[in-house]
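Participant: Sharing a structure here in structure tokens format.
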Amino acid sequence: MNQIKVAIETFGCTFNKADSQIMAGKLSDAGMELVDNIEDADVIIINSCYVKQPTESKVTTRIQKLQKDYPNKKVIVSGCMVEIDPKKLDKIADDSTNWIGPHQLNKTVEVVNASYNGELLRQTGLSKDSKVGLNKLKEDPFIHIIQICEGCLGVCSFCCTRLARGPLHSYPIKDIKAEAKKAIDSGCVEIELTAQDTAAFGHDTGEKLSSLIKEVANIDGNFRIRVGMMHPKNIFDDVDEVIDAFKLPNVYKFIHLPVQSGSDKVLKDMNRCHTIEEYVDFVKKLKQSIPDITIATDIIVGYPTETDEDFQKTIDLLCEIKPNLIHLSKYKHREGALSSSLKELPYSIMKQRSKKLTEIKEEITNDENKHLLGQTLEVLIVQKGSKGGVIGKSNSYLPVVVDDAEIGTFVNVKITKTTSTYLIGQIVD
């Protein structure tokens, strides 16, 4: 019997990347071969993301192109699109296309076998199968992703991802710690704790994110922990303990805290369940307690109820808190999201506002990085650069480019140049 060869293409977030690693691990355990080249594959899995419209377009275009260019290969669609927009998937994909929902990774081998044999099998729906402790097949031996929970507590009006991932289901700290220890013992130097909302962790089980970070950070070894995105409203009941956890040496001084708008009115319309005052107070406390912390935030430009006054409040907020990283997205209706019933703002207004915020963003992030010029930072080298050299992360999780260093090692780097998005430096003794 021929060995089935499978290629997996992943779109979207770190959580999706971990899902792909789990699917690859299950296929490898079953004796199938994972290949990088589409030409070599019998079966192609497209692990879809549906969080934003541009990503949706990339996913749908890719599915159609693969079916047109490789009519003799079997295409499987996995990820969020399967649960969020099955009607569209039915329209763009062949009748023979199989599906794997994000909660159905344990059925991966079964679905791939069915596709290879020309059988229709679509595994969808929610489950409480744990994603911790499973074999992950990954290309990078130095970075290990651990999903700490699935789903969220959010009711954000603009979000469709929660429809795919379902209600919050946190995994036990002891299981997460065991997976982290195994990864570190095997040579991993960066642990990425990921979720739709890491701040929601434990709200369903009575455990705490701060306890989880501390448990993993105290594993023997020289490594770093990157904590993924947090919804502000879910961290306010554990502020002091979370700050204590982030002070630990093995934890990157980095927090991704999306605010989405600087207007309380718009936040209420978005169902964000927190106020600007609460957000600012938390950010100020973070900066006072951990002066070198990197603050990343997200802004949605042009939410349907955003007025010129609301937009100005967003500008004022960014100028006040000065985040080190700012991710901007133009609003777009998403399938199944509550805000999709509202009338979108004219694109010209969104484009104008986005341009204005982009200018402000670059000014803020440039200024925030400039003070690092001439400083010597400890940097963990994590990957090769796409344009030469290697890329590391400072203890504040800022990307640092150097000419050459061994991946997986810690080096001291003197910063010789700064930009709005990364630093450039030279290794010093």
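Note on naming: chains are A, B, ... as they come in the structure tokens, residues start from 1 per chain, ligands start from 1 in the order shown.
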Just want the 12 Å neighbourhood of Ile63 of chain A, counted on only C-alpha atoms, with same-chain residues fewer than 5 positions away dropped. Output as a list in words.
Facilitator: Glu9, Phe11, Ile44, Ile45, Ile46, Asn47, Ser48, Glu56, Ser57, Lys58, Lys68, Asp69, Tyr70, Pro71, Lys73, Lys74, Val75, Ile76, Val77, Ser78, Met81, Lys88, Leu89, Asp90, Lys91, Ile92, Ala93, Asp94 and Thr97 of chain A
Participant: Can you tell me which residues surround Lys214 of chain A at a distance of at most 12 Å, considering only C-alpha atoms, apart from same-chain residues fewer than 6 positions away, and format the answer as a compact mmCIF listing (two decimals) with C-alpha atoms, in the first residue's frame?
Facilitator:
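Result file follows (selection-v4.txt):
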```txt
# COMPACT_ATOMS: atom_id res chain seq x y z
CA ILE A 173 -2.22 23.78 34.67
CA LYS A 174 -0.49 20.49 35.51
CA ILE A 176 0.25 22.50 30.40
CA LYS A 177 3.29 22.54 32.68
CA LYS A 208 -5.64 31.52 37.26
CA ILE A 225 7.55 32.51 27.81
CA VAL A 227 1.88 35.10 26.73
CA GLU A 241 -0.65 38.54 40.50
CA VAL A 242 -0.35 38.85 36.72
CA ILE A 243 2.14 41.70 37.12
CA ASP A 244 4.15 39.59 39.59
CA ALA A 245 4.16 36.74 37.04
CA PHE A 246 5.44 39.00 34.26
CA LYS A 247 8.31 40.14 36.46
CA LEU A 248 9.79 36.62 36.48
CA PRO A 249 13.09 36.30 34.52
CA ASN A 250 11.82 33.64 32.10
CA VAL A 251 8.79 35.69 31.00
```
Participant: Give me the residues near segment 388-401 of chain A as an NGL selection string, where near means some atom within 6 Å (using only C-alpha atoms) and where sequence neighbours in that chain fewer than 5 positions away do not count.
Facilitator: :A and (252-254 or 293-294 or 378-383 or 422-424)
Participant: I need the chosen residues saved as a short mmCIF file (atom, residue, chain, number, x, y, z; two decimals), in the first residue's frame, with C-alpha atoms.
Facilitator:
```cif
data_model
loop_
_atom_site.label_atom_id
_atom_site.label_comp_id
_atom_site.auth_asym_id
_atom_site.auth_seq_id
_atom_site.Cartn_x
_atom_site.Cartn_y
_atom_site.Cartn_z
CA TYR A 252 8.96 38.14 28.09
CA LYS A 253 8.01 41.63 29.25
CA PHE A 254 5.32 41.78 26.59
CA ILE A 293 7.36 46.22 29.27
CA THR A 294 6.20 46.24 25.65
CA GLU A 378 20.00 40.43 26.01
CA VAL A 379 18.49 38.82 22.91
CA LEU A 380 17.21 35.31 22.24
CA ILE A 381 17.97 34.33 18.61
CA VAL A 382 14.85 32.63 17.21
CA GLN A 383 15.00 32.48 13.39
CA TYR A 422 12.30 46.40 14.68
CA LEU A 423 15.81 47.06 15.98
CA ILE A 424 19.22 46.45 14.39
#
```
Participant: Have a look at A:Met23, A:Leu328, A:Ile255, A:Val155 and name the one nearest to Lys131 of chain A; count only C-alpha atoms.
Facilitator: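 Among A:Met23, A:Leu328, A:Ile255, A:Val155, it is A:Met23 that comes nearest to Lys131 of chain A.
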Participant: Where in segment 231-422 of chain A does DSSP assign alpha helix (DSSP H), given as a PyMOL selection string?
Facilitator: chain A and resi 239-246+264-269+276-289+308-321+347-370
Participant: Using only C-alpha atoms, find the one residue out of A:Gly228, A:Ile219, A:Lys284, A:Thr297 that sits nearest to Leu257 of chain A.
Facilitator: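 Using only C-alpha atoms, the shortest distance to Leu257 of chain A belongs to A:Thr297.
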Participant: I'd like to know which of A:Leu209, A:Val6, A:Leu325, A:Ile276 is closest to Met32 of chain A, using only C-alpha atoms.
Facilitator: A:Val6
Participant: Set the distance at 8 Å and use only C-alpha atoms: which residues neighbour segment 189-201 of chain A once local chain neighbours fewer than 2 positions away are removed? I'd like the list as a count of residues only.
Facilitator: 38
Participant: Could you tell me which of A:Gln260, A:Ser96, A:Ser130, A:Ser211 comes closest to Ala114 of chain A if we count only C-alpha atoms?
Facilitator: A:Ser96
Participant: What's around segment 26-28 of chain A at 8 Å? Count only C-alpha atoms, leave out sequence neighbours fewer than 6 positions away in its own chain, and write the answer as a ChimeraX atom specification.
Facilitator: /A:34,106,108-109,135-137
Participant: Quick one: write out the picked residues with N, CA, C and O atoms as a PDB file, in the first residue's frame?
Facilitator:
```
ATOM      1  N   LEU A  34       4.423  13.799   5.817  1.00  0.00           N
ATOM      2  CA  LEU A  34       4.136  15.223   5.664  1.00  0.00           C
ATOM      3  C   LEU A  34       5.136  15.817   4.690  1.00  0.00           C
ATOM      4  O   LEU A  34       6.346  15.636   4.835  1.00  0.00           O
ATOM      5  N   ASN A 106      -8.975  15.145  16.403  1.00  0.00           N
ATOM      6  CA  ASN A 106      -8.782  13.709  16.650  1.00  0.00           C
ATOM      7  C   ASN A 106      -9.288  12.844  15.489  1.00  0.00           C
ATOM      8  O   ASN A 106      -8.974  11.654  15.421  1.00  0.00           O
ATOM      9  N   THR A 108      -8.602  13.609  12.312  1.00  0.00           N
ATOM     10  CA  THR A 108      -7.795  14.002  11.149  1.00  0.00           C
ATOM     11  C   THR A 108      -7.412  12.808  10.281  1.00  0.00           C
ATOM     12  O   THR A 108      -7.563  12.839   9.050  1.00  0.00           O
ATOM     13  N   VAL A 109      -6.899  11.760  10.892  1.00  0.00           N
ATOM     14  CA  VAL A 109      -6.455  10.584  10.131  1.00  0.00           C
ATOM     15  C   VAL A 109      -7.631   9.964   9.385  1.00  0.00           C
ATOM     16  O   VAL A 109      -7.519   9.593   8.195  1.00  0.00           O
ATOM     17  N   ASN A 135       1.112  14.903  20.531  1.00  0.00           N
ATOM     18  CA  ASN A 135       2.315  14.984  19.706  1.00  0.00           C
ATOM     19  C   ASN A 135       2.135  16.075  18.656  1.00  0.00           C
ATOM     20  O   ASN A 135       1.169  16.083  17.901  1.00  0.00           O
ATOM     21  N   LYS A 136       3.072  17.024  18.630  1.00  0.00           N
ATOM     22  CA  LYS A 136       3.035  18.096  17.627  1.00  0.00           C
ATOM     23  C   LYS A 136       4.236  17.927  16.700  1.00  0.00           C
ATOM     24  O   LYS A 136       5.366  17.811  17.161  1.00  0.00           O
ATOM     25  N   LEU A 137       3.964  17.919  15.418  1.00  0.00           N
ATOM     26  CA  LEU A 137       5.042  17.869  14.427  1.00  0.00           C
ATOM     27  C   LEU A 137       5.311  19.291  13.970  1.00  0.00           C
ATOM     28  O   LEU A 137       4.462  19.933  13.354  1.00  0.00           O
TER      29      LEU A 137
END
```
Participant: Env of Ser348 of chain A: 12 Å cut, atoms = only C-alpha atoms, seq-sep filter 5 positions within chain, self excluded. Answer as a ChimeraX atom specification.
Facilitator: /A:301-302,330,353-355
Participant: Okay, now the selection with C-alpha atoms, as a short mmCIF file (atom, residue, chain, number, x, y, z; two decimals), in the first residue's frame?
Facilitator:
```cif
data_model
loop_
_atom_site.label_atom_id
_atom_site.label_comp_id
_atom_site.auth_asym_id
_atom_site.auth_seq_id
_atom_site.Cartn_x
_atom_site.Cartn_y
_atom_site.Cartn_z
CA VAL A 301 -10.90 51.64 12.37
CA GLY A 302 -14.38 52.65 11.24
CA LYS A 330 -10.42 48.47 8.89
CA ARG A 353 -9.10 57.41 9.24
CA SER A 354 -6.81 54.42 8.69
CA LYS A 355 -4.26 56.63 6.92
#
```
Participant: What's the 9 Å shell around Leu377 of chain A, counting only C-alpha atoms, without same-chain residues fewer than 3 positions away, as a VMD selection string?
Facilitator: chain A and resid 372 394 to 395 411 to 415
Participant: Write a file of the selected residues as a PDB file, in the first residue's frame, keeping N, CA, C and O atoms.
Facilitator:
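Saved file part.pdb follows:
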```pdb
ATOM      1  N   LEU A 372      16.111  53.199  22.801  1.00  0.00           N
ATOM      2  CA  LEU A 372      16.932  51.988  22.918  1.00  0.00           C
ATOM      3  C   LEU A 372      18.252  52.099  22.147  1.00  0.00           C
ATOM      4  O   LEU A 372      19.124  51.238  22.299  1.00  0.00           O
ATOM      5  N   SER A 394      14.262  40.593  22.107  1.00  0.00           N
ATOM      6  CA  SER A 394      14.770  41.139  23.364  1.00  0.00           C
ATOM      7  C   SER A 394      13.900  40.631  24.506  1.00  0.00           C
ATOM      8  O   SER A 394      12.853  40.009  24.274  1.00  0.00           O
ATOM      9  N   ASN A 395      14.299  40.888  25.733  1.00  0.00           N
ATOM     10  CA  ASN A 395      13.480  40.467  26.867  1.00  0.00           C
ATOM     11  C   ASN A 395      12.123  41.150  26.869  1.00  0.00           C
ATOM     12  O   ASN A 395      11.186  40.686  27.528  1.00  0.00           O
ATOM     13  N   VAL A 411      22.293  36.079  23.314  1.00  0.00           N
ATOM     14  CA  VAL A 411      23.476  36.903  23.042  1.00  0.00           C
ATOM     15  C   VAL A 411      23.204  38.330  23.515  1.00  0.00           C
ATOM     16  O   VAL A 411      22.053  38.748  23.652  1.00  0.00           O
ATOM     17  N   ASN A 412      24.293  39.061  23.764  1.00  0.00           N
ATOM     18  CA  ASN A 412      24.178  40.482  24.097  1.00  0.00           C
ATOM     19  C   ASN A 412      24.350  41.296  22.821  1.00  0.00           C
ATOM     20  O   ASN A 412      25.302  41.089  22.072  1.00  0.00           O
ATOM     21  N   VAL A 413      23.419  42.217  22.593  1.00  0.00           N
ATOM     22  CA  VAL A 413      23.411  42.984  21.342  1.00  0.00           C
ATOM     23  C   VAL A 413      23.344  44.479  21.655  1.00  0.00           C
ATOM     24  O   VAL A 413      22.474  44.931  22.401  1.00  0.00           O
ATOM     25  N   LYS A 414      24.284  45.227  21.058  1.00  0.00           N
ATOM     26  CA  LYS A 414      24.243  46.682  21.162  1.00  0.00           C
ATOM     27  C   LYS A 414      23.395  47.221  20.007  1.00  0.00           C
ATOM     28  O   LYS A 414      23.660  46.911  18.832  1.00  0.00           O
ATOM     29  N   ILE A 415      22.377  47.998  20.316  1.00  0.00           N
ATOM     30  CA  ILE A 415      21.453  48.498  19.304  1.00  0.00           C
ATOM     31  C   ILE A 415      22.086  49.669  18.555  1.00  0.00           C
ATOM     32  O   ILE A 415      22.468  50.687  19.152  1.00  0.00           O
TER      33      ILE A 415
END
```
Participant: Taking into account only C-alpha atoms, which residue in the set A:Glu306, A:Asp220, A:Asp404, A:Glu39 is nearest to Lys268 of chain A?
Facilitator: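 Checking each of A:Glu306, A:Asp220, A:Asp404, A:Glu39 against Lys268 of chain A, counting only C-alpha atoms, the winner is A:Glu306.
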Participant: Could you check the closest approach to Ile22 of chain A for each of A:Ser289, A:Thr275, A:Thr421, A:Gln104 and tell me which residue wins, using only C-alpha atoms?
Facilitator: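 Among the listed residues, A:Gln104 lies closest to Ile22 of chain A.
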